[in-house]
Amino acid sequence: VHDWGDALILPGLIDTHVHLPQLAYAGLGGQPLLQWLNEMTFPTEARFADASFAERASERFFSSLLAAGTTSAAVYLTVFEQAGDLAFQAAAASGIRAWMGKPLMDIRSPEALCESTAEALASMQRLIDRWHGVGLLRYVVTPRFALSCTPELMRQAGEMARHHQCLVQTHLAENLDEVAAIADAFPQSEHYTAVYRDHGLLDKALLAHCLHLDDAELGMIKHHHGCVVHCPASNRFLQSGVFDAARMRSAGIDWSLGSDVGAGYGPSMLKEMREAMETAKTSALFGRESSRMELRQALAAATRQGARALGMEQELGALEKGFQADFIVLDDAAVNEFAGSRLFQSPQERLQRVVYRENARAVQATWVAGRLRYSRH
Ligand SMILES: [Zn+2]
C-alpha cells in the first residue's frame with residue numbers, strides 16, 4: 001500500500017494521436033501542414049534509418065510520455081522496419097500501453113521514405129507478427145494519409161487490419177490544401193472521407209483532425225463508427241483550423257484527444273485538455289456558443305473517450321472496480337502558491353489549476369497496469 005496523502009489521483013491519460021519521430025523538434029517550425037511536413041518532418045523521419053538514433057529517440061519518447069502522465073498512446077512510427085522493432089522494444093521496456101504502426105508511404109513521398117507497395121506491406125506484416133498483442137502492445141495499421149498511399153496499398157492494408165483485428169489510424173481533413181490535393185488525387189471518391197471508406201479503412205478508425213468535413217462526411221464516419229481525434233494545440237500551431245466539438249457531438253460522433261507531437265509542441269495531455277477548452281472558447285467567440293467545454297468534459301476526452309477510441313472502454317479511462325490500474329498522481333502544490341490555505345481548494349479547482357498552469361511539473365507518479373513506471377523523485 002502506498003499513501004499519496006492529499007495528492008490528486010486521476011485515471012492515466014490517453015493520447016490517441018502522437019508521432020514518435022517528431023518529439024525531437026516539438027515546438028519548432030509552425031508552417032502550414034504540407035510545408036511543415038517537407039521542411040521539418042520528412043528529413044527528421046529519414047534519420048530513423050540509423051538504428052542507434054532510432055533507439056535513443058524511442059527511449060526518450062516513451063519516458064517523456066510517462067513523465068507527462070500518459071499511460072496509453074496511439075503512435076505513428078517511421079517507415080523503417082528496424083526502427084519499428086526498436087520502438088516496440090523501447091515501449092515494452094518502458095511499461096507503457098501502446099498502439100503503434102509504421103506510416104504507409106508508397107507514392108507522393110520523399111525518396112528516403114517512399115517504399116514499394118510490396119515492401120510496405122511485407123514489413124507491416126512482419127511487425128504485426130512480432131508485436132501485435134505482445135504484452136501491452138498492439139499494432140495499428142497506419143496509412144499516413146491518403147496522399148502518401150496508392151489505392152492498392154490502402155486496399156490491402158484494410159484487409160490486413162480486418163484479418164489481424166488491428167485498429168486503423170490516419171489523418172483526415174487537417175488542412176485545406178491537403179483536402180484540395182486529395183480531390184485531385186482521388187477523383188473517383190466523392191470526398192476525402194470516402195477515400196478511406198472506398199479502400200476499406202474507415203471502420204472504427206482513429207481519424208486525426210477532421211477540421212474540414214461536410215455533413216455527408218460526418219454521417220459516413222458515424223455509420224462506420226470512426227473516432228475523430230481532436231489535436232487542439234497542433235491545429236493552431238500549423239494554422240490548420242478550429243475544431244468544432246459541439247458539431248461532432250450533435251452528429252453523434254465519438255471523439256478523443258491527441259497531442260499530435262511534434263505539431264502539438266509537447267506530450268502533455270493536461271496541456272491538450274487546456275487547449276481543447278481554449279479552442280472551444282475561440283469557437284464560441286465566432287458564434288458557435290454551444291462549443292463551450294467544461295473541465296470535466298476535457299478530462300473525459302483525455303481518459304474515457306480515449307479508452308473508447310481504442311476499444312478499451314471496459315478496462316481503461318476510469319478508476320473503477322474491474323478496470324486496469326492505470327493512474328497518475330498529481331502534486332498540485334508544485335503549481336499552487338496557496339496550497340495549504342483554504343482558498344480555491346476543491347478537487348475541481350485543484351485540477352483546473354494544474355491544467356492551466358505548469359502542468360508537467362505536477363505529475364508526481366505514473367502507474368500502468370498496477371506498476372510504477374515513472375516517479376518524479
Ligand atoms: Zn499527426
# chains A, B, ... in the order shown; residues from 1 in each chain; ligands from 1
$ residues_around --residues "A:Asp244" --least-positions-apart "5" --cutoff "12 Å" --atoms "only C-alpha atoms" --output "PyMOL selection string"
chain A and resi 209-213+218+228-232+235+249-251+253+255+276-284+286-293
$ residues_around --residues "A:Ser268" --least-positions-apart "2" --cutoff "8 Å" --atoms "only C-alpha atoms" --output "PyMOL selection string"
chain A and resi 65+68-70+259+266+270-272+359-360
$ select_by_dssp --residues "stretch 171-279 of chain A" --states "strand (DSSP E or B)" --output "count of residues only"
14
$ closest_atom_pairs --of "chain A" --to "ligand 1" --cutoff "7 Å" --atoms "only C-alpha atoms and all ligand atoms" --output "tab-separated table"
residue	atom	partner	partner_atom_place_in_ligand_line	distance
A:His17	CA	ligand 1	1 (Zn)	6.4
A:Val18	CA	ligand 1	1 (Zn)	6.3
A:His19	CA	ligand 1	1 (Zn)	6.4
A:His171	CA	ligand 1	1 (Zn)	6.4
A:Ala208	CA	ligand 1	1 (Zn)	6.6
A:Asp260	CA	ligand 1	1 (Zn)	5.1
$ residues_around --residues "A:Arg138" --least-positions-apart "6" --cutoff "9 Å" --atoms "only C-alpha atoms" --output "mmCIF file with N, CA, C and O atoms, in the first residue's frame"
data_model
loop_
_atom_site.group_PDB
_atom_site.id
_atom_site.type_symbol
_atom_site.label_atom_id
_atom_site.label_comp_id
_atom_site.auth_asym_id
_atom_site.auth_seq_id
_atom_site.Cartn_x
_atom_site.Cartn_y
_atom_site.Cartn_z
ATOM 1 N N ARG A 97 1.339 1.399 -22.292
ATOM 2 C CA ARG A 97 0.459 0.720 -23.244
ATOM 3 C C ARG A 97 0.572 1.461 -24.572
ATOM 4 O O ARG A 97 0.401 2.685 -24.588
ATOM 5 N N ALA A 98 0.824 0.742 -25.656
ATOM 6 C CA ALA A 98 0.988 1.453 -26.917
ATOM 7 C C ALA A 98 0.351 0.708 -28.077
ATOM 8 O O ALA A 98 0.479 -0.508 -28.196
ATOM 9 N N TRP A 99 -0.336 1.471 -28.892
ATOM 10 C CA TRP A 99 -0.875 1.018 -30.177
ATOM 11 C C TRP A 99 -0.015 1.714 -31.231
ATOM 12 O O TRP A 99 -0.062 2.948 -31.346
ATOM 13 N N MET A 100 0.777 0.972 -31.987
ATOM 14 C CA MET A 100 1.753 1.636 -32.846
ATOM 15 C C MET A 100 1.802 1.006 -34.232
ATOM 16 O O MET A 100 1.601 -0.199 -34.396
ATOM 17 N N GLY A 101 2.127 1.854 -35.215
ATOM 18 C CA GLY A 101 2.280 1.332 -36.564
ATOM 19 C C GLY A 101 3.206 2.184 -37.390
ATOM 20 O O GLY A 101 3.411 3.368 -37.100
ATOM 21 N N ILE A 128 3.501 -6.848 -37.436
ATOM 22 C CA ILE A 128 2.276 -7.391 -36.816
ATOM 23 C C ILE A 128 2.582 -8.752 -36.194
ATOM 24 O O ILE A 128 2.225 -9.023 -35.041
ATOM 25 N N TRP A 131 4.741 -8.213 -32.990
ATOM 26 C CA TRP A 131 4.379 -7.334 -31.875
ATOM 27 C C TRP A 131 2.897 -7.238 -31.538
ATOM 28 O O TRP A 131 2.554 -6.823 -30.429
ATOM 29 N N HIS A 132 2.022 -7.552 -32.446
ATOM 30 C CA HIS A 132 0.592 -7.326 -32.182
ATOM 31 C C HIS A 132 0.102 -8.252 -31.072
ATOM 32 O O HIS A 132 0.152 -9.472 -31.209
ATOM 33 N N CYS A 166 -6.659 -5.458 -36.187
ATOM 34 C CA CYS A 166 -5.890 -4.275 -35.778
ATOM 35 C C CYS A 166 -6.763 -3.037 -35.973
ATOM 36 O O CYS A 166 -7.544 -2.965 -36.920
ATOM 37 N N LEU A 167 -6.580 -2.051 -35.112
ATOM 38 C CA LEU A 167 -7.182 -0.750 -35.360
ATOM 39 C C LEU A 167 -6.483 -0.098 -36.551
ATOM 40 O O LEU A 167 -5.362 -0.476 -36.909
#
$ closest_atom_pairs --of "stretch 178-245 of chain A" --to "stretch 105-111 of chain A" --cutoff "12 Å" --atoms "only C-alpha atoms" --output "tab-separated table"
residue	atom	partner	partner_atom	distance
A:Ala181	CA	A:Arg108	CA	10.9
A:Ile182	CA	A:Arg108	CA	11.5
A:Ala185	CA	A:Arg108	CA	10.1
$ closest_residue --among "A:Ala263, A:Ala300, A:Val354, A:Ala54" --to "A:Gln82" --atoms "only C-alpha atoms"
A:Ala54
$ select_by_dssp --residues "stretch 102-340 of chain A" --states "helix (DSSP H, G or I)" --output "ChimeraX atom specification"
/A:117-131,146-148,151-164,176-185,192-198,215-223,232-237,245-250,269-285,289-291,295-302,304-309,332-335
$ atom_distance --atom1 "atom CA of A:Val355" --atom2 "atom CA of A:Gly226"
28.1 Å
$ residues_around --residues "A:Gln156" --least-positions-apart "2" --cutoff "10 Å" --atoms "only C-alpha atoms" --output "list in words"
Thr117, Leu121, Pro151, Glu152, Leu153, Met154, Gly158, Glu159, Met160, Ala161, Arg162, His199, Gly200 and Leu201 of chain A
$ atom_distance --atom1 "atom CA of A:Ala57" --atom2 "atom CA of A:Thr366"
20.6 Å
$ closest_residue --among "A:Arg373, A:Arg353, A:Arg56, A:Arg126" --to "A:Ala92" --atoms "only C-alpha atoms"
A:Arg373
$ residues_around --residues "stretch 142-144 of chain A" --least-positions-apart "3" --cutoff "8 Å" --atoms "only C-alpha atoms" --output "count of residues only"
14
$ atom_distance --atom1 "atom CA of A:Gly340" --atom2 "atom CA of A:Pro11"
24.2 Å
$ closest_residue --among "A:Gln305, A:Phe80, A:Ala120, A:Ser58" --to "A:Gly258" --atoms "only C-alpha atoms"
A:Gln305
$ closest_residue --among "A:Ser52, A:Thr71, A:Gln35, A:Gln352" --to "A:Ala87" --atoms "only C-alpha atoms"
A:Ser52
